[in-house]
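**Student:** Dropping in my_file.cif, with mmCIF, C-alpha atoms.
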```
data_structure
#
loop_
_atom_site.group_PDB
_atom_site.id
_atom_site.type_symbol
_atom_site.label_atom_id
_atom_site.label_comp_id
_atom_site.auth_asym_id
_atom_site.auth_seq_id
_atom_site.Cartn_x
_atom_site.Cartn_y
_atom_site.Cartn_z
ATOM 1 C CA MET A 1 -54.265 99.106 68.060
ATOM 2 C CA TYR A 2 -51.581 100.616 70.270
ATOM 3 C CA LYS A 3 -52.487 104.158 69.195
ATOM 4 C CA ASP A 4 -56.040 103.530 70.409
ATOM 5 C CA ILE A 5 -54.721 102.230 73.737
ATOM 6 C CA ASN A 6 -52.506 105.308 74.050
ATOM 7 C CA ASN A 7 -55.524 107.552 73.573
ATOM 8 C CA LEU A 8 -57.494 105.586 76.158
ATOM 9 C CA ILE A 9 -54.726 105.877 78.733
ATOM 10 C CA VAL A 10 -54.031 109.559 78.152
ATOM 11 C CA ASN A 11 -57.684 110.634 78.173
ATOM 12 C CA SER A 12 -58.964 108.330 80.902
ATOM 13 C CA ASP A 13 -59.642 109.386 84.483
ATOM 14 C CA VAL A 14 -58.132 106.085 85.651
ATOM 15 C CA LYS A 15 -55.104 106.888 87.807
ATOM 16 C CA ALA A 16 -52.829 104.039 86.757
ATOM 17 C CA PHE A 17 -52.472 101.352 84.116
ATOM 18 C CA PHE A 18 -50.333 98.237 84.514
ATOM 19 C CA LEU A 19 -48.509 96.962 81.447
ATOM 20 C CA PRO A 20 -45.753 94.451 80.680
ATOM 21 C CA GLU A 21 -42.296 95.742 79.897
ATOM 22 C CA LEU A 22 -41.800 96.859 76.308
ATOM 23 C CA SER A 23 -38.986 94.345 75.965
ATOM 24 C CA ASP A 24 -41.444 91.632 76.926
ATOM 25 C CA ASN A 25 -43.801 92.769 74.177
ATOM 26 C CA ILE A 26 -40.993 92.657 71.636
ATOM 27 C CA GLU A 27 -39.785 89.230 72.692
ATOM 28 C CA HIS A 28 -43.261 87.682 72.725
ATOM 29 C CA PRO A 29 -44.920 88.837 69.502
ATOM 30 C CA PRO A 30 -47.863 86.449 69.055
ATOM 31 C CA GLU A 31 -50.444 88.368 71.094
ATOM 32 C CA SER A 32 -48.834 91.546 72.353
ATOM 33 C CA PHE A 33 -46.952 92.793 69.303
ATOM 34 C CA GLN A 34 -48.445 92.484 65.831
ATOM 35 C CA ASP A 35 -46.604 92.926 62.538
ATOM 36 C CA CYS A 36 -48.220 96.268 61.736
ATOM 37 C CA ASP A 37 -47.183 97.943 64.983
ATOM 38 C CA LYS A 38 -43.845 99.539 65.785
ATOM 39 C CA LYS A 39 -42.098 99.888 69.098
ATOM 40 C CA GLU A 40 -42.325 103.684 69.091
ATOM 41 C CA LYS A 41 -46.129 103.466 69.133
ATOM 42 C CA LEU A 42 -46.204 101.653 72.456
ATOM 43 C CA PHE A 43 -47.544 103.840 75.253
ATOM 44 C CA VAL A 44 -44.993 106.599 74.741
ATOM 45 C CA SER A 45 -47.022 109.596 75.885
ATOM 46 C CA SER A 46 -48.386 108.651 79.288
ATOM 47 C CA LYS A 47 -47.189 109.203 82.839
ATOM 48 C CA LYS A 48 -49.886 106.919 84.239
ATOM 49 C CA LEU A 49 -48.087 103.664 83.557
ATOM 50 C CA TYR A 50 -46.651 101.113 85.928
ATOM 51 C CA THR A 51 -44.311 98.584 84.346
ATOM 52 C CA ILE A 52 -44.819 94.962 85.334
ATOM 53 C CA VAL A 53 -41.346 93.542 85.943
ATOM 54 C CA GLU A 54 -40.832 89.805 86.068
ATOM 55 C CA GLU A 55 -39.069 88.392 89.086
ATOM 56 C CA ILE A 56 -38.640 84.662 89.657
ATOM 57 C CA PRO A 57 -37.434 83.489 93.079
ATOM 58 C CA PRO A 58 -33.648 83.029 92.879
ATOM 59 C CA ASP A 59 -33.772 79.465 94.167
ATOM 60 C CA VAL A 60 -36.222 78.338 91.466
ATOM 61 C CA PRO A 61 -34.917 77.406 87.988
ATOM 62 C CA ARG A 62 -36.668 79.479 85.331
ATOM 63 C CA ASP A 63 -38.119 76.472 83.547
ATOM 64 C CA MET A 64 -39.471 75.159 86.858
ATOM 65 C CA ALA A 65 -41.084 78.401 88.049
ATOM 66 C CA PRO A 66 -44.543 77.625 89.461
ATOM 67 C CA VAL A 67 -46.844 79.224 86.912
ATOM 68 C CA ALA A 68 -49.750 79.685 89.294
ATOM 69 C CA ASN A 69 -47.738 80.454 92.433
ATOM 70 C CA LEU A 70 -49.369 83.837 92.342
ATOM 71 C CA TYR A 71 -49.990 85.078 95.799
ATOM 72 C CA ASN A 72 -46.551 85.126 97.340
ATOM 73 C CA GLU A 73 -45.435 88.054 99.454
ATOM 74 C CA GLY A 74 -42.831 88.947 96.822
ATOM 75 C CA THR A 75 -45.475 90.506 94.588
ATOM 76 C CA CYS A 76 -45.300 94.218 95.367
ATOM 77 C CA ILE A 77 -45.759 97.668 93.870
ATOM 78 C CA ASP A 78 -42.827 100.091 93.799
ATOM 79 C CA VAL A 79 -44.654 103.430 93.713
ATOM 80 C CA LYS A 80 -41.520 105.573 93.429
ATOM 81 C CA ASN A 81 -40.230 103.752 90.363
ATOM 82 C CA ARG A 82 -43.716 102.925 89.049
ATOM 83 C CA LYS A 83 -43.069 99.202 88.860
ATOM 84 C CA VAL A 84 -44.909 96.039 89.809
ATOM 85 C CA ILE A 85 -42.477 93.308 90.852
ATOM 86 C CA THR A 86 -44.081 89.935 90.227
ATOM 87 C CA TYR A 87 -43.973 86.710 88.277
ATOM 88 C CA HIS A 88 -45.669 87.045 84.892
ATOM 89 C CA ASP A 89 -48.554 84.674 84.453
ATOM 90 C CA PRO A 90 -50.014 83.747 81.055
ATOM 91 C CA ASN A 91 -53.574 84.685 82.018
ATOM 92 C CA GLY A 92 -54.941 88.213 82.165
ATOM 93 C CA GLY A 93 -57.497 87.455 84.864
ATOM 94 C CA ILE A 94 -54.926 85.959 87.205
ATOM 95 C CA MET A 95 -52.572 88.888 86.610
ATOM 96 C CA GLY A 96 -55.454 91.184 87.511
ATOM 97 C CA LEU A 97 -55.973 89.352 90.801
ATOM 98 C CA LYS A 98 -52.283 89.662 91.614
ATOM 99 C CA ILE A 99 -52.188 93.401 90.981
ATOM 100 C CA LEU A 100 -55.424 94.100 92.861
ATOM 101 C CA LYS A 101 -54.156 92.133 95.842
ATOM 102 C CA ALA A 102 -50.883 94.064 95.763
ATOM 103 C CA LEU A 103 -52.901 97.296 95.714
ATOM 104 C CA GLY A 104 -54.563 96.238 98.957
ATOM 105 C CA TYR A 105 -57.962 95.050 97.767
ATOM 106 C CA ASN A 106 -59.371 92.138 99.750
ATOM 107 C CA GLU A 107 -62.625 91.570 97.856
ATOM 108 C CA ILE A 108 -62.747 90.971 94.102
ATOM 109 C CA ALA A 109 -65.475 89.769 91.747
ATOM 110 C CA PHE A 110 -64.818 88.701 88.178
ATOM 111 C CA ILE A 111 -67.351 89.112 85.389
ATOM 112 C CA GLY A 112 -67.366 87.360 82.034
ATOM 113 C CA CYS A 113 -64.699 84.789 82.926
ATOM 114 C CA ASP A 114 -66.406 81.567 81.911
ATOM 115 C CA ALA A 115 -63.187 79.625 81.170
ATOM 116 C CA ARG A 116 -64.837 78.008 78.162
ATOM 117 C CA TYR A 117 -62.700 77.805 75.040
ATOM 118 C CA ALA A 118 -63.579 75.962 71.849
ATOM 119 C CA ASP A 119 -60.797 74.497 69.723
ATOM 120 C CA ASN A 120 -62.634 72.658 66.962
ATOM 121 C CA ASP A 121 -63.572 72.835 63.292
ATOM 122 C CA GLU A 122 -66.128 75.586 63.884
ATOM 123 C CA SER A 123 -63.924 77.831 66.032
ATOM 124 C CA ASN A 124 -60.953 77.332 63.704
ATOM 125 C CA LYS A 125 -62.595 77.593 60.291
ATOM 126 C CA TYR A 126 -60.786 80.886 59.571
ATOM 127 C CA ILE A 127 -57.585 79.920 61.376
ATOM 128 C CA THR A 128 -54.137 78.910 60.156
ATOM 129 C CA LYS A 129 -52.229 76.835 62.694
ATOM 130 C CA MET A 130 -48.493 77.197 63.250
ATOM 131 C CA GLY A 131 -47.671 74.798 66.058
ATOM 132 C CA ASN A 132 -49.229 76.230 69.215
ATOM 133 C CA GLU A 133 -49.810 79.585 67.519
ATOM 134 C CA TYR A 134 -52.974 80.427 65.589
ATOM 135 C CA ILE A 135 -53.456 83.155 62.962
ATOM 136 C CA SER A 136 -56.960 84.443 62.254
ATOM 137 C CA HIS A 137 -58.071 85.503 58.771
ATOM 138 C CA GLU A 138 -61.548 86.768 59.663
ATOM 139 C CA ASP A 139 -63.313 88.629 62.460
ATOM 140 C CA TYR A 140 -64.761 85.415 63.835
ATOM 141 C CA ASP A 141 -63.961 84.613 67.453
ATOM 142 C CA VAL A 142 -66.307 82.268 69.292
ATOM 143 C CA ASN A 143 -64.212 82.306 72.469
ATOM 144 C CA HIS A 144 -64.485 85.965 73.444
ATOM 145 C CA PHE A 145 -67.077 88.697 73.798
ATOM 146 C CA ARG A 146 -66.745 90.051 70.260
ATOM 147 C CA ASP A 147 -65.657 88.597 66.931
ATOM 148 C CA ASP A 148 -62.741 90.951 66.352
ATOM 149 C CA TYR A 149 -61.103 90.269 69.744
ATOM 150 C CA PHE A 150 -58.842 87.674 68.153
ATOM 151 C CA GLY A 151 -60.057 88.689 64.715
ATOM 152 C CA LYS A 152 -58.584 89.173 61.274
ATOM 153 C CA GLY A 153 -54.800 89.410 61.285
ATOM 154 C CA MET A 154 -54.390 88.523 64.966
ATOM 155 C CA ARG A 155 -51.961 85.885 66.216
ATOM 156 C CA PHE A 156 -52.651 84.123 69.495
ATOM 157 C CA GLY A 157 -51.868 81.006 71.464
ATOM 158 C CA LYS A 158 -53.764 77.745 71.064
ATOM 159 C CA PRO A 159 -56.855 77.762 73.334
ATOM 160 C CA ASN A 160 -56.306 75.491 76.300
ATOM 161 C CA GLN A 161 -59.414 75.254 78.449
ATOM 162 C CA ASP A 162 -58.080 72.550 80.764
ATOM 163 C CA TRP A 163 -54.946 74.571 81.524
ATOM 164 C CA ILE A 164 -56.901 77.746 82.303
ATOM 165 C CA ILE A 165 -59.238 75.867 84.636
ATOM 166 C CA ALA A 166 -56.289 74.211 86.385
ATOM 167 C CA LEU A 167 -54.615 77.602 86.780
ATOM 168 C CA TRP A 168 -57.635 79.171 88.483
ATOM 169 C CA LYS A 169 -58.186 76.049 90.585
ATOM 170 C CA LEU A 170 -54.638 76.240 91.927
ATOM 171 C CA ALA A 171 -55.020 79.965 92.593
ATOM 172 C CA SER A 172 -58.196 79.258 94.562
ATOM 173 C CA ARG A 173 -56.416 76.665 96.676
ATOM 174 C CA GLN A 174 -53.565 79.062 97.403
ATOM 175 C CA ILE A 175 -55.992 81.797 98.425
ATOM 176 C CA ASN A 176 -57.854 79.459 100.769
ATOM 177 C CA GLU A 177 -54.669 78.128 102.346
ATOM 178 C CA HIS A 178 -52.630 81.311 102.687
ATOM 179 C CA PHE A 179 -54.922 84.335 102.348
ATOM 180 C CA PRO A 180 -58.263 83.581 104.019
ATOM 181 C CA HIS A 181 -59.185 87.278 104.139
ATOM 182 C CA PHE A 182 -58.638 87.745 100.387
ATOM 183 C CA ASN A 183 -62.061 86.972 98.916
ATOM 184 C CA VAL A 184 -62.627 86.289 95.229
ATOM 185 C CA TYR A 185 -66.122 85.762 93.820
ATOM 186 C CA SER A 186 -67.521 84.825 90.434
ATOM 187 C CA CYS A 187 -70.280 86.940 88.930
ATOM 188 C CA THR A 188 -70.274 84.814 85.775
ATOM 189 C CA GLU A 189 -73.204 82.448 85.367
ATOM 190 C CA ASN A 190 -72.304 78.915 84.221
ATOM 191 C CA SER A 191 -68.583 79.597 84.441
ATOM 192 C CA ASN A 192 -66.292 76.591 84.678
ATOM 193 C CA LEU A 193 -64.665 78.461 87.559
ATOM 194 C CA ASN A 194 -67.768 78.436 89.744
ATOM 195 C CA ALA A 195 -66.633 75.096 91.131
ATOM 196 C CA PHE A 196 -63.776 76.961 92.841
ATOM 197 C CA TYR A 197 -65.147 80.482 93.453
ATOM 198 C CA LYS A 198 -68.498 81.281 95.033
ATOM 199 C CA TYR A 199 -70.983 82.422 92.398
ATOM 200 C CA ILE A 200 -73.068 85.506 93.137
ATOM 201 C CA PRO A 201 -75.204 87.133 90.409
ATOM 202 C CA TYR A 202 -73.770 90.512 89.472
ATOM 203 C CA GLU A 203 -76.741 92.617 90.605
ATOM 204 C CA ASP A 204 -76.881 90.723 93.896
ATOM 205 C CA PHE A 205 -73.180 91.360 94.426
ATOM 206 C CA LEU A 206 -73.668 95.090 93.854
ATOM 207 C CA ASN A 207 -76.506 95.008 96.383
ATOM 208 C CA GLY A 208 -74.242 93.548 99.041
ATOM 209 C CA LYS A 209 -74.835 89.797 98.856
ATOM 210 C CA ARG A 210 -71.786 87.725 99.822
#
```
For this file, write the structure as structure tokens.
**Tutor:**
Amino acid sequence: MYKDINNLIVNSDVKAFFLPELSDNIEHPPESFQDCDKKEKLFVSSKKLYTIVEEIPPDVPRDMAPVANLYNEGTCIDVKNRKVITYHDPNGGIMGLKILKALGYNEIAFIGCDARYADNDESNKYITKMGNEYISHEDYDVNHFRDDYFGKGMRFGKPNQDWIIALWKLASRQINEHFPHFNVYSCTENSNLNAFYKYIPYEDFLNGKR
């Protein structure tokens, strides 16, 4: 998996990729570091990488850090040292919003984020549960865009639809209260997030509708 990502990064015309620290990958194995992969395979050959470094406000205890307090002025990009200083959030979409905002974008549309996650007999029929961690034994993933996303051999966290919705809801409130010129739209039909982000069909968005 990591070899494929290396090839993508090295051969892509994209100018920069943003990745968690390697130490973070090692310390949090369920999703980001699988048994078959070794540390030396992780993104070793690219100069395009920015490391995402976690920084929690000094006056906030670590276990009390506001998970969705995403849009504070402390999130910044250190170009010289190729680092993103931020608070890690457990959702890829929210992390994407943070980085794009730090890059200076003020208009973002998300596609394919429906915030709908099944956690039932059907979705888990090839799953072994270990507390809040799931292990898949087949390429059968009803929660993502292809069956091998969290497919055979993958470990991942228990789906938590209510938590994801609450996370995006809080982010929306923070944007409205503190960053009125930072506009986020949904281009995902029937998304659970459309209650908090204006929905615009993708083609209409490309044609300038706002």
**Student:** Calculated over only C-alpha atoms, which of the candidates A:Asn143, A:Asn190, A:Thr86, A:Asn106 has the smallest distance to Ser123 in chain A?
**Tutor:**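 That would be A:Asn143, the residue with the smallest distance to Ser123 in chain A.
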**Student:** Evaluating the PyMOL selection byres ((chain A and resi 102) around 7) on the displayed file yields which residues, as a list in words?
**Tutor:**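 The output of the PyMOL selection byres ((chain A and resi 102) around 7) on this file is Thr75, Cys76, Ile77, Lys98, Ile99, Leu100, Lys101, Leu103 and Gly104 of chain A.
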**Student:** Written as an MDAnalysis selection string, which residues does the PyMOL selection byres ((chain A and resi 170-176) around 12) give for the file shown?
**Tutor:** chainID A and resid 66:72 89 91 93:95 97:98 101 106:107 163:169 177:186 193:198
**Student:** The PyMOL selection byres ((chain A and resi 157) around 9) - which residues does that actually catch in the file I just gave you? List them as a CSV table (one decimal) with C-alpha atoms, keeping the file's coordinate frame.
**Tutor:**
```
chain,number,residue,atom,x,y,z
A,30,PRO,CA,-47.9,86.4,69.1
A,31,GLU,CA,-50.4,88.4,71.1
A,132,ASN,CA,-49.2,76.2,69.2
A,133,GLU,CA,-49.8,79.6,67.5
A,134,TYR,CA,-53.0,80.4,65.6
A,135,ILE,CA,-53.5,83.2,63.0
A,155,ARG,CA,-52.0,85.9,66.2
A,156,PHE,CA,-52.7,84.1,69.5
A,158,LYS,CA,-53.8,77.7,71.1
A,159,PRO,CA,-56.9,77.8,73.3
A,160,ASN,CA,-56.3,75.5,76.3
```
**Student:** Pick the closest to Tyr202 in chain A from A:Ala109, A:Cys187, A:Met154, A:Val10: which is it, counting all atoms listed in the file?
**Tutor:** A:Cys187
**Student:** In Å, with one decimal, what is the gap from CA of Val142 in chain A to CA of Glu122 in chain A?
**Tutor:**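 A separation of 8.6 Å between them.
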**Student:** As an exercise, work out the distance from CA of Ala115 in chain A to CA of His144 in chain A in Å and give it to one decimal place.
**Tutor:**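 Between CA of Ala115 in chain A and CA of His144 in chain A the gap is 10.1 Å.
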**Student:** When you draw a straight line from CA of His137 in chain A to CA of Cys113 in chain A, how long is it in Å?
**Tutor:** 25.1 Å
**Student:** Around range 115-122 of chain A, with edges along x, y and z and 6 Å added on all six sides, what centre and edge lengths do you get, in Å to one decimal, as lines of an AutoDock Vina configuration file?
**Tutor:**
```
center_x = -63.5
center_y = 76.1
center_z = 72.2
size_x = 17.3
size_y = 19.0
size_z = 29.9
```
**Student:** Using all atoms listed in the file, which residue out of A:Ser191, A:Ser136, A:Gln161, A:Asn81 lies closest to Asp119 in chain A?
**Tutor:**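 Of A:Ser191, A:Ser136, A:Gln161, A:Asn81, the one nearest Asp119 in chain A is A:Gln161, counting all atoms listed in the file.
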